$ cat input18.cif   # mmCIF, C-alpha atoms
data_target
#
loop_
_atom_site.label_atom_id
_atom_site.label_comp_id
_atom_site.auth_asym_id
_atom_site.auth_seq_id
_atom_site.Cartn_x
_atom_site.Cartn_y
_atom_site.Cartn_z
CA MET A 14 1.12 43.46 -142.50
CA ARG A 15 -2.14 45.22 -141.97
CA ILE A 16 -3.70 42.00 -140.64
CA PHE A 17 -0.86 41.62 -138.14
CA LEU A 18 -1.33 45.20 -136.90
CA ILE A 19 -5.07 44.70 -136.56
CA ILE A 20 -4.57 41.48 -134.54
CA ALA A 21 -1.97 43.16 -132.31
CA PHE A 22 -4.30 46.13 -131.73
CA LEU A 23 -7.21 43.88 -130.84
CA THR A 24 -5.02 41.82 -128.49
CA LEU A 25 -3.80 44.98 -126.75
CA LEU A 26 -7.33 46.30 -126.45
CA THR A 27 -8.59 43.01 -125.00
CA SER A 28 -5.69 42.88 -122.52
CA THR A 29 -6.41 46.46 -121.47
CA ASP A 30 -10.06 45.57 -120.82
CA ILE A 31 -9.06 42.53 -118.73
CA ILE A 32 -6.61 44.58 -116.68
CA ALA A 33 -9.27 47.24 -116.17
CA GLN A 34 -11.72 44.61 -114.98
CA ARG A 35 -9.23 43.11 -112.49
CA LEU A 36 -8.20 46.29 -110.73
CA PRO A 37 -7.53 45.84 -107.00
CA VAL A 38 -10.40 46.81 -104.70
CA GLN A 39 -10.21 47.47 -100.95
CA LEU A 40 -13.10 45.42 -99.56
CA THR A 41 -14.27 46.77 -96.18
CA GLY A 42 -17.31 45.80 -94.16
CA VAL A 43 -18.95 44.37 -91.07
CA VAL A 44 -20.13 40.80 -90.51
CA MET A 45 -23.34 40.63 -88.48
CA SER A 46 -25.84 38.02 -87.32
CA ALA A 47 -29.11 38.22 -89.22
CA ASP A 48 -31.33 37.33 -86.25
CA SER A 49 -29.80 39.52 -83.54
CA ILE A 50 -27.91 42.24 -85.44
CA GLN A 51 -24.88 41.42 -83.32
CA PRO A 52 -21.33 41.40 -84.74
CA VAL A 53 -19.91 38.03 -85.73
CA PHE A 54 -16.33 38.12 -84.47
CA TYR A 55 -13.50 35.95 -85.81
CA ALA A 56 -15.44 35.16 -89.00
CA THR A 57 -13.25 34.01 -91.88
CA VAL A 58 -13.40 36.19 -95.02
CA ARG A 59 -11.45 34.75 -97.96
CA VAL A 60 -11.21 34.44 -101.72
CA PRO A 61 -11.29 30.70 -102.62
CA GLY A 62 -8.30 29.40 -104.54
CA THR A 63 -6.03 32.26 -103.41
CA ASN A 64 -4.02 33.14 -100.34
CA ARG A 65 -5.99 36.34 -99.80
CA GLY A 66 -8.26 36.60 -96.78
CA THR A 67 -8.71 37.90 -93.27
CA ILE A 68 -10.85 37.49 -90.13
CA SER A 69 -13.29 39.90 -88.53
CA ASP A 70 -12.39 41.56 -85.23
CA LEU A 71 -14.47 41.71 -82.04
CA ASN A 72 -16.77 44.28 -83.66
CA GLY A 73 -17.23 42.17 -86.80
CA PHE A 74 -15.11 44.61 -88.86
CA PHE A 75 -12.82 43.39 -91.65
CA SER A 76 -10.83 44.89 -94.51
CA PHE A 77 -8.55 43.39 -97.19
CA VAL A 78 -7.72 43.70 -100.89
CA VAL A 79 -9.66 41.79 -103.54
CA ALA A 80 -10.09 42.19 -107.29
CA ALA A 81 -13.10 42.98 -109.44
CA GLY A 82 -14.94 39.77 -110.25
CA ASP A 83 -13.66 37.88 -107.17
CA GLU A 84 -16.02 35.72 -105.16
CA VAL A 85 -15.63 36.29 -101.40
CA VAL A 86 -16.68 33.56 -98.95
CA PHE A 87 -17.78 34.34 -95.37
CA SER A 88 -17.73 31.51 -92.83
CA ALA A 89 -17.98 31.24 -89.05
CA VAL A 90 -18.71 28.52 -86.52
CA GLY A 91 -22.48 28.25 -85.97
CA TYR A 92 -23.40 30.18 -89.13
CA GLN A 93 -24.23 29.23 -92.70
CA GLU A 94 -21.61 30.03 -95.31
CA GLU A 95 -22.31 33.20 -97.32
CA ARG A 96 -20.84 34.35 -100.63
CA LEU A 97 -20.35 37.78 -102.17
CA THR A 98 -19.20 38.57 -105.73
CA ILE A 99 -17.41 41.82 -106.53
CA PRO A 100 -18.95 43.18 -109.76
CA ASN A 101 -16.90 42.86 -112.94
CA GLY A 102 -15.65 46.12 -114.34
CA PHE A 103 -15.88 47.81 -110.93
CA LYS A 104 -14.34 51.28 -111.44
CA HIS A 105 -13.75 52.32 -107.82
CA ASP A 106 -10.87 51.38 -105.57
CA SER A 107 -13.02 50.55 -102.53
CA TYR A 108 -16.13 48.49 -101.85
CA SER A 109 -18.13 48.50 -98.59
CA VAL A 110 -20.59 45.86 -97.45
CA ILE A 111 -22.62 44.80 -94.42
CA GLN A 112 -22.68 41.01 -94.61
CA MET A 113 -25.52 39.30 -92.74
CA MET A 114 -25.08 35.66 -91.73
CA GLU A 115 -27.81 33.15 -90.89
CA ARG A 116 -27.35 30.86 -87.90
CA ASP A 117 -26.76 27.20 -88.63
CA THR A 118 -27.90 24.45 -86.24
CA VAL A 119 -25.67 21.38 -86.15
CA LEU A 120 -27.15 18.24 -84.59
CA LEU A 121 -24.63 15.70 -83.36
CA ASP A 122 -25.27 12.04 -82.75
CA ILE A 123 -25.82 11.01 -79.12
CA ALA A 124 -22.62 9.75 -77.54
CA THR A 125 -22.71 7.85 -74.24
CA VAL A 126 -19.45 7.88 -72.30
CA TYR A 127 -18.80 5.12 -69.74
CA PRO A 128 -15.96 5.21 -67.18
CA TRP A 129 -15.51 1.44 -67.51
CA PRO A 130 -14.71 -0.27 -70.82
CA THR A 131 -16.67 -3.46 -70.12
CA PRO A 132 -19.83 -4.41 -68.13
CA GLU A 133 -17.76 -6.85 -66.05
CA GLU A 134 -15.42 -4.11 -64.83
CA PHE A 135 -18.43 -1.91 -64.04
CA LYS A 136 -19.99 -4.71 -61.95
CA GLU A 137 -16.75 -5.23 -60.01
CA ALA A 138 -16.33 -1.51 -59.34
CA PHE A 139 -19.97 -1.19 -58.27
CA LEU A 140 -19.76 -4.08 -55.79
CA THR A 141 -16.52 -2.83 -54.21
CA ILE A 142 -17.40 0.86 -54.03
CA GLU A 143 -17.15 2.51 -50.62
CA VAL A 144 -20.21 4.64 -49.99
CA PRO A 145 -19.22 7.87 -48.16
CA ASP A 146 -20.85 8.76 -44.85
CA ASP A 147 -23.90 10.98 -44.90
CA ASP A 148 -24.29 14.21 -42.88
CA TYR A 149 -25.72 12.36 -39.86
CA GLN A 150 -22.79 9.95 -39.63
CA ARG A 151 -20.25 12.75 -39.95
CA ALA A 152 -22.00 14.83 -37.27
CA LYS A 153 -22.19 11.81 -34.95
CA ARG A 154 -18.46 11.16 -35.39
CA ASN A 155 -17.50 14.80 -34.83
CA LEU A 156 -19.65 15.07 -31.64
CA ALA A 157 -18.27 11.94 -29.99
CA ARG A 158 -16.91 12.43 -26.46
CA GLU A 159 -13.41 11.29 -27.46
CA THR A 160 -13.31 13.75 -30.37
CA LEU A 161 -14.54 16.64 -28.24
CA ALA A 162 -12.01 15.78 -25.49
CA GLU A 163 -9.15 15.84 -27.97
CA ILE A 164 -10.31 19.17 -29.36
CA GLY A 165 -10.73 20.61 -25.83
CA GLU A 166 -7.13 19.78 -24.89
CA VAL A 167 -5.64 21.88 -27.67
CA MET A 168 -8.29 24.59 -27.90
CA ALA A 169 -7.31 27.97 -26.46
CA MET A 170 -9.65 30.15 -24.40
CA ASP A 171 -12.06 32.32 -26.33
CA GLY A 172 -12.71 36.01 -25.69
CA GLY A 173 -15.26 35.43 -22.92
CA GLU A 174 -13.03 33.02 -21.01
CA ASN A 175 -10.06 35.36 -21.27
CA TYR A 176 -12.17 38.24 -19.97
CA ASN A 177 -13.46 36.19 -17.00
CA TYR A 178 -9.95 35.06 -16.09
CA ARG A 179 -8.63 38.60 -16.28
CA ALA A 180 -11.54 39.96 -14.20
CA ARG A 181 -11.06 37.30 -11.48
CA THR A 182 -7.33 37.98 -11.30
CA TYR A 183 -7.90 41.73 -11.07
CA SER A 184 -10.56 41.25 -8.36
CA GLN A 185 -8.25 38.99 -6.32
CA ASN A 186 -5.43 41.53 -6.55
CA LEU A 187 -7.76 44.26 -5.26
CA TYR A 188 -8.96 42.00 -2.42
CA THR A 189 -5.42 41.43 -1.14
CA ALA A 190 -4.04 44.87 -1.94
CA GLY A 191 -1.67 46.11 0.81
CA GLN A 192 -1.33 42.71 2.49
CA MET A 193 0.20 39.31 1.97
CA GLN A 194 -1.25 37.26 -0.83
CA ARG A 195 -3.60 34.50 0.18
CA GLN A 196 -2.00 31.02 0.23
CA ARG A 197 -4.15 28.26 -1.23
CA ILE A 198 -2.40 25.68 0.96
CA PHE A 199 -4.95 26.40 3.65
CA GLU A 200 -7.97 26.04 1.37
CA PRO A 201 -9.84 22.69 1.57
CA LEU A 202 -10.96 22.96 -2.04
CA ALA A 203 -7.37 23.37 -3.17
CA TRP A 204 -6.44 20.15 -1.36
CA VAL A 205 -9.32 18.32 -3.08
CA GLU A 206 -8.07 19.45 -6.47
CA PHE A 207 -4.51 18.40 -5.54
CA ILE A 208 -5.60 14.87 -4.54
CA LYS A 209 -7.59 14.48 -7.75
CA ALA A 210 -4.55 15.55 -9.77
CA LEU A 211 -2.40 12.96 -7.97
CA LYS A 212 -4.91 10.22 -8.76
CA ARG A 213 -5.00 11.25 -12.41
CA GLY A 214 -1.20 11.18 -12.56
CA ASP A 215 -0.87 14.81 -13.60
CA PHE A 216 2.47 15.09 -11.79
CA LYS A 217 4.04 11.99 -13.29
CA LYS A 218 6.99 12.52 -15.59
CA LYS A 219 5.86 12.23 -19.18
CA ASP A 220 8.08 10.78 -21.87
#

$ encode --input "input18.cif" --output "C-alpha cells"
Amino acid sequence: MRIFLIIAFLTLLTSTDIIAQRLPVQLTGVVMSADSIQPVFYATVRVPGTNRGTISDLNGFFSFVVAAGDEVVFSAVGYQEERLTIPNGFKHDSYSVIQMMERDTVLLDIATVYPWPTPEEFKEAFLTIEVPDDDYQRAKRNLARETLAEIGEVMAMDGGENYNYRARTYSQNLYTAGQMQRQRIFEPLAWVEFIKALKRGDFKKKD
C-alpha cells in the first residue's frame, strides 16, 4: 500500500512539473531584416507540427500563443528560415523578441522563351512579316497633297481666320452704312469666280 501511494505521489509530482513547464506563453515581437533594419511584413511565424501560427503585419509585428519549450519557425520569401525556442520551465505568461532575418539569394536557371514552338514556324513568320513604316514614310504619307486636300475640306477655320472674316464683314458694313449694300454682280472679280465655279461643277446637283 505504501509503495502504491509513493508511486501515485511521484506520478502526480511529475505531471505537475510537466504542466508547469507547458504553460501557455503570449509570444510577441517584431520581424526585421538584418541588413537594413526594415520590418519584414507578411512573414510566417508558426510552431511546426501544430495549427498554431500567425503572420507579421506591415510593421513586422506579430503576436500569438505558444507554450514553454515550443520551437517557433520564422519564414518569409527572400529570407533564410530562422528558429526560436521558448525556454523550458518559463515562468512568465509573455515573451517578447526582436527576430532578425538574413536575406537569402535564390538563383534560378536561365529560361529562354520563344514565341514559336519550332524553328520552321519561326522561319515562316520571319519571311512573311510586314515591316511597319518608319517616321519618314509616315510623314511623307501624311503630307501628300491628296491627304492635305481631304483634311482641308473638313477643317473649320481657326481663331485667326474667324477674326479676319469678322473684321472684313464689320468693315464692309461700316463702308456701306446708310446706303444700299454693294451688289457683287457688277464686280469683274466676282464674275471670274462664278465662271471658275461653273467649270468645276460646284452648282451641279450632288447625289

$ residues_near_point --input "input18.cif" --point "(-13.1, 35.7, -91.6)" --cutoff "6 Å" --atoms "only C-alpha atoms" --output "VMD selection string"
chain A and resid 55 to 58 67 to 69

$ residues_around --input "input18.cif" --residues "Arg116 in chain A" --least-positions-apart "2" --cutoff "6 Å" --atoms "all atoms listed in the file" --output "list of chain:residue names"
A:Gly91, A:Tyr92, A:Gln93

$ closest_residue --input "input18.cif" --among "A:Thr63, A:Leu140, A:Glu200, A:Val90" --to "Thr118 in chain A" --atoms "only C-alpha atoms"
A:Val90

$ axis_aligned_box --input "input18.cif" --around "range 114-118 of chain A" --padding-each-side "6 Å" --output "JSON"
{"center_x": -26.5, "center_y": 30.1, "center_z": -89.0, "size_x": 14.8, "size_y": 23.2, "size_z": 17.5}

$ atom_distance --input "input18.cif" --atom1 "CA of Leu121 in chain A" --atom2 "CA of Glu94 in chain A"
18.9 Å

$ atom_distance --input "input18.cif" --atom1 "CA of Ala81 in chain A" --atom2 "CA of Phe103 in chain A"
5.8 Å

$ atom_distance --input "input18.cif" --atom1 "CA of Thr141 in chain A" --atom2 "CA of Tyr127 in chain A"
17.6 Å

$ resolve_selection --input "input18.cif" --expression "the PyMOL selection byres ((chain A and resi 52) around 12)" --output "NGL selection string"
:A and (42-51 or 53-56 or 69-75 or 89 or 111-114)

$ write_last_selection --input "input18.cif" --atoms "C-alpha atoms" --output "mmCIF file, in the frame of the given file"
data_model
loop_
_atom_site.group_PDB
_atom_site.id
_atom_site.type_symbol
_atom_site.label_atom_id
_atom_site.label_comp_id
_atom_site.auth_asym_id
_atom_site.auth_seq_id
_atom_site.Cartn_x
_atom_site.Cartn_y
_atom_site.Cartn_z
ATOM 1 C CA GLY A 42 -17.310 45.800 -94.160
ATOM 2 C CA VAL A 43 -18.950 44.370 -91.070
ATOM 3 C CA VAL A 44 -20.130 40.800 -90.510
ATOM 4 C CA MET A 45 -23.340 40.630 -88.480
ATOM 5 C CA SER A 46 -25.840 38.020 -87.320
ATOM 6 C CA ALA A 47 -29.110 38.220 -89.220
ATOM 7 C CA ASP A 48 -31.330 37.330 -86.250
ATOM 8 C CA SER A 49 -29.800 39.520 -83.540
ATOM 9 C CA ILE A 50 -27.910 42.240 -85.440
ATOM 10 C CA GLN A 51 -24.880 41.420 -83.320
ATOM 11 C CA VAL A 53 -19.910 38.030 -85.730
ATOM 12 C CA PHE A 54 -16.330 38.120 -84.470
ATOM 13 C CA TYR A 55 -13.500 35.950 -85.810
ATOM 14 C CA ALA A 56 -15.440 35.160 -89.000
ATOM 15 C CA SER A 69 -13.290 39.900 -88.530
ATOM 16 C CA ASP A 70 -12.390 41.560 -85.230
ATOM 17 C CA LEU A 71 -14.470 41.710 -82.040
ATOM 18 C CA ASN A 72 -16.770 44.280 -83.660
ATOM 19 C CA GLY A 73 -17.230 42.170 -86.800
ATOM 20 C CA PHE A 74 -15.110 44.610 -88.860
ATOM 21 C CA PHE A 75 -12.820 43.390 -91.650
ATOM 22 C CA ALA A 89 -17.980 31.240 -89.050
ATOM 23 C CA ILE A 111 -22.620 44.800 -94.420
ATOM 24 C CA GLN A 112 -22.680 41.010 -94.610
ATOM 25 C CA MET A 113 -25.520 39.300 -92.740
ATOM 26 C CA MET A 114 -25.080 35.660 -91.730
#

$ residues_around --input "input18.cif" --residues "Leu36 in chain A" --least-positions-apart "4" --cutoff "10 Å" --atoms "only C-alpha atoms" --output "PyMOL selection string"
chain A and resi 31-32+79-82+101-106

$ decode --input "input18.cif" --residues "range 144-184 of chain A" --atoms "N, CA and C atoms" --output "PDB file, in the first residue's frame"
ATOM      1  N   VAL A 144       6.978  44.695 -92.243  1.00  0.00           N
ATOM      2  CA  VAL A 144       7.740  45.691 -91.501  1.00  0.00           C
ATOM      3  C   VAL A 144       6.963  47.011 -91.502  1.00  0.00           C
ATOM      4  N   PRO A 145       6.700  47.602 -90.351  1.00  0.00           N
ATOM      5  CA  PRO A 145       5.932  48.857 -90.321  1.00  0.00           C
ATOM      6  C   PRO A 145       6.748  50.017 -90.889  1.00  0.00           C
ATOM      7  N   ASP A 146       6.043  51.035 -91.381  1.00  0.00           N
ATOM      8  CA  ASP A 146       6.703  52.214 -91.933  1.00  0.00           C
ATOM      9  C   ASP A 146       7.483  52.945 -90.846  1.00  0.00           C
ATOM     10  N   ASP A 147       8.575  53.584 -91.276  1.00  0.00           N
ATOM     11  CA  ASP A 147       9.336  54.398 -90.334  1.00  0.00           C
ATOM     12  C   ASP A 147       8.733  55.803 -90.289  1.00  0.00           C
ATOM     13  N   ASP A 148       9.346  56.690 -89.493  1.00  0.00           N
ATOM     14  CA  ASP A 148       8.818  58.049 -89.316  1.00  0.00           C
ATOM     15  C   ASP A 148       8.803  58.823 -90.631  1.00  0.00           C
ATOM     16  N   TYR A 149       9.804  58.616 -91.487  1.00  0.00           N
ATOM     17  CA  TYR A 149       9.864  59.345 -92.758  1.00  0.00           C
ATOM     18  C   TYR A 149       8.705  58.950 -93.670  1.00  0.00           C
ATOM     19  N   GLN A 150       8.429  57.657 -93.759  1.00  0.00           N
ATOM     20  CA  GLN A 150       7.343  57.197 -94.615  1.00  0.00           C
ATOM     21  C   GLN A 150       5.990  57.692 -94.104  1.00  0.00           C
ATOM     22  N   ARG A 151       5.795  57.677 -92.802  1.00  0.00           N
ATOM     23  CA  ARG A 151       4.528  58.165 -92.257  1.00  0.00           C
ATOM     24  C   ARG A 151       4.370  59.662 -92.500  1.00  0.00           C
ATOM     25  N   ALA A 152       5.452  60.432 -92.333  1.00  0.00           N
ATOM     26  CA  ALA A 152       5.370  61.878 -92.580  1.00  0.00           C
ATOM     27  C   ALA A 152       5.107  62.162 -94.061  1.00  0.00           C
ATOM     28  N   LYS A 153       5.747  61.398 -94.936  1.00  0.00           N
ATOM     29  CA  LYS A 153       5.535  61.588 -96.373  1.00  0.00           C
ATOM     30  C   LYS A 153       4.085  61.299 -96.751  1.00  0.00           C
ATOM     31  N   ARG A 154       3.497  60.249 -96.153  1.00  0.00           N
ATOM     32  CA  ARG A 154       2.111  59.915 -96.455  1.00  0.00           C
ATOM     33  C   ARG A 154       1.146  60.967 -95.902  1.00  0.00           C
ATOM     34  N   ASN A 155       1.430  61.479 -94.727  1.00  0.00           N
ATOM     35  CA  ASN A 155       0.529  62.468 -94.122  1.00  0.00           C
ATOM     36  C   ASN A 155       0.612  63.831 -94.800  1.00  0.00           C
ATOM     37  N   LEU A 156       1.751  64.151 -95.470  1.00  0.00           N
ATOM     38  CA  LEU A 156       1.922  65.450 -96.127  1.00  0.00           C
ATOM     39  C   LEU A 156       1.628  65.389 -97.622  1.00  0.00           C
ATOM     40  N   ALA A 157       1.076  64.311 -98.100  1.00  0.00           N
ATOM     41  CA  ALA A 157       0.718  64.222 -99.512  1.00  0.00           C
ATOM     42  C   ALA A 157      -0.384  65.225 -99.838  1.00  0.00           C
ATOM     43  N   ARG A 158      -0.409  65.705-101.095  1.00  0.00           N
ATOM     44  CA  ARG A 158      -1.384  66.717-101.490  1.00  0.00           C
ATOM     45  C   ARG A 158      -2.819  66.195-101.322  1.00  0.00           C
ATOM     46  N   GLU A 159      -3.051  64.932-101.689  1.00  0.00           N
ATOM     47  CA  GLU A 159      -4.394  64.381-101.568  1.00  0.00           C
ATOM     48  C   GLU A 159      -4.843  64.343-100.106  1.00  0.00           C
ATOM     49  N   THR A 160      -3.933  63.960 -99.213  1.00  0.00           N
ATOM     50  CA  THR A 160      -4.279  63.897 -97.790  1.00  0.00           C
ATOM     51  C   THR A 160      -4.569  65.283 -97.234  1.00  0.00           C
ATOM     52  N   LEU A 161      -3.730  66.265 -97.600  1.00  0.00           N
ATOM     53  CA  LEU A 161      -3.951  67.624 -97.118  1.00  0.00           C
ATOM     54  C   LEU A 161      -5.236  68.212 -97.681  1.00  0.00           C
ATOM     55  N   ALA A 162      -5.577  67.866 -98.950  1.00  0.00           N
ATOM     56  CA  ALA A 162      -6.821  68.377 -99.538  1.00  0.00           C
ATOM     57  C   ALA A 162      -8.034  67.810 -98.809  1.00  0.00           C
ATOM     58  N   GLU A 163      -7.993  66.535 -98.481  1.00  0.00           N
ATOM     59  CA  GLU A 163      -9.102  65.934 -97.749  1.00  0.00           C
ATOM     60  C   GLU A 163      -9.249  66.557 -96.360  1.00  0.00           C
ATOM     61  N   ILE A 164      -8.133  66.804 -95.717  1.00  0.00           N
ATOM     62  CA  ILE A 164      -8.200  67.424 -94.386  1.00  0.00           C
ATOM     63  C   ILE A 164      -8.720  68.855 -94.484  1.00  0.00           C
ATOM     64  N   GLY A 165      -8.288  69.589 -95.545  1.00  0.00           N
ATOM     65  CA  GLY A 165      -8.717  70.980 -95.704  1.00  0.00           C
ATOM     66  C   GLY A 165     -10.203  71.120 -95.951  1.00  0.00           C
ATOM     67  N   GLU A 166     -10.840  70.119 -96.578  1.00  0.00           N
ATOM     68  CA  GLU A 166     -12.270  70.210 -96.857  1.00  0.00           C
ATOM     69  C   GLU A 166     -13.126  70.115 -95.599  1.00  0.00           C
ATOM     70  N   VAL A 167     -12.651  69.425 -94.605  1.00  0.00           N
ATOM     71  CA  VAL A 167     -13.458  69.236 -93.391  1.00  0.00           C
ATOM     72  C   VAL A 167     -12.933  70.055 -92.209  1.00  0.00           C
ATOM     73  N   MET A 168     -11.836  70.767 -92.418  1.00  0.00           N
ATOM     74  CA  MET A 168     -11.258  71.518 -91.303  1.00  0.00           C
ATOM     75  C   MET A 168     -11.942  72.875 -91.181  1.00  0.00           C
ATOM     76  N   ALA A 169     -12.373  73.219 -90.000  1.00  0.00           N
ATOM     77  CA  ALA A 169     -13.003  74.513 -89.752  1.00  0.00           C
ATOM     78  C   ALA A 169     -11.945  75.607 -89.641  1.00  0.00           C
ATOM     79  N   MET A 170     -12.407  76.866 -89.705  1.00  0.00           N
ATOM     80  CA  MET A 170     -11.488  77.999 -89.585  1.00  0.00           C
ATOM     81  C   MET A 170     -10.947  78.075 -88.162  1.00  0.00           C
ATOM     82  N   ASP A 171      -9.672  78.482 -88.075  1.00  0.00           N
ATOM     83  CA  ASP A 171      -9.089  78.652 -86.750  1.00  0.00           C
ATOM     84  C   ASP A 171      -9.421  80.039 -86.213  1.00  0.00           C
ATOM     85  N   GLY A 172      -8.831  80.409 -85.088  1.00  0.00           N
ATOM     86  CA  GLY A 172      -9.140  81.690 -84.468  1.00  0.00           C
ATOM     87  C   GLY A 172      -8.763  82.879 -85.324  1.00  0.00           C
ATOM     88  N   GLY A 173      -7.586  82.799 -85.984  1.00  0.00           N
ATOM     89  CA  GLY A 173      -7.148  83.919 -86.829  1.00  0.00           C
ATOM     90  C   GLY A 173      -8.050  84.124 -88.032  1.00  0.00           C
ATOM     91  N   GLU A 174      -8.460  83.024 -88.671  1.00  0.00           N
ATOM     92  CA  GLU A 174      -9.331  83.139 -89.838  1.00  0.00           C
ATOM     93  C   GLU A 174     -10.698  83.681 -89.435  1.00  0.00           C
ATOM     94  N   ASN A 175     -11.223  83.225 -88.325  1.00  0.00           N
ATOM     95  CA  ASN A 175     -12.506  83.747 -87.847  1.00  0.00           C
ATOM     96  C   ASN A 175     -12.428  85.243 -87.550  1.00  0.00           C
ATOM     97  N   TYR A 176     -11.318  85.664 -86.966  1.00  0.00           N
ATOM     98  CA  TYR A 176     -11.156  87.095 -86.653  1.00  0.00           C
ATOM     99  C   TYR A 176     -11.089  87.919 -87.941  1.00  0.00           C
ATOM    100  N   ASN A 177     -10.311  87.442 -88.936  1.00  0.00           N
ATOM    101  CA  ASN A 177     -10.206  88.186 -90.198  1.00  0.00           C
ATOM    102  C   ASN A 177     -11.552  88.284 -90.909  1.00  0.00           C
ATOM    103  N   TYR A 178     -12.306  87.184 -90.910  1.00  0.00           N
ATOM    104  CA  TYR A 178     -13.613  87.206 -91.556  1.00  0.00           C
ATOM    105  C   TYR A 178     -14.545  88.179 -90.850  1.00  0.00           C
ATOM    106  N   ARG A 179     -14.533  88.155 -89.536  1.00  0.00           N
ATOM    107  CA  ARG A 179     -15.385  89.066 -88.776  1.00  0.00           C
ATOM    108  C   ARG A 179     -14.972  90.513 -88.994  1.00  0.00           C
ATOM    109  N   ALA A 180     -13.675  90.788 -89.043  1.00  0.00           N
ATOM    110  CA  ALA A 180     -13.195  92.161 -89.244  1.00  0.00           C
ATOM    111  C   ALA A 180     -13.568  92.666 -90.630  1.00  0.00           C
ATOM    112  N   ARG A 181     -13.429  91.812 -91.678  1.00  0.00           N
ATOM    113  CA  ARG A 181     -13.804  92.236 -93.034  1.00  0.00           C
ATOM    114  C   ARG A 181     -15.301  92.516 -93.132  1.00  0.00           C
ATOM    115  N   THR A 182     -16.101  91.663 -92.511  1.00  0.00           N
ATOM    116  CA  THR A 182     -17.556  91.876 -92.548  1.00  0.00           C
ATOM    117  C   THR A 182     -17.934  93.166 -91.832  1.00  0.00           C
ATOM    118  N   TYR A 183     -17.312  93.424 -90.697  1.00  0.00           N
ATOM    119  CA  TYR A 183     -17.608  94.641 -89.946  1.00  0.00           C
ATOM    120  C   TYR A 183     -17.178  95.878 -90.725  1.00  0.00           C
ATOM    121  N   SER A 184     -15.998  95.797 -91.397  1.00  0.00           N
ATOM    122  CA  SER A 184     -15.519  96.923 -92.195  1.00  0.00           C
ATOM    123  C   SER A 184     -16.433  97.189 -93.389  1.00  0.00           C
TER     124      SER A 184
END
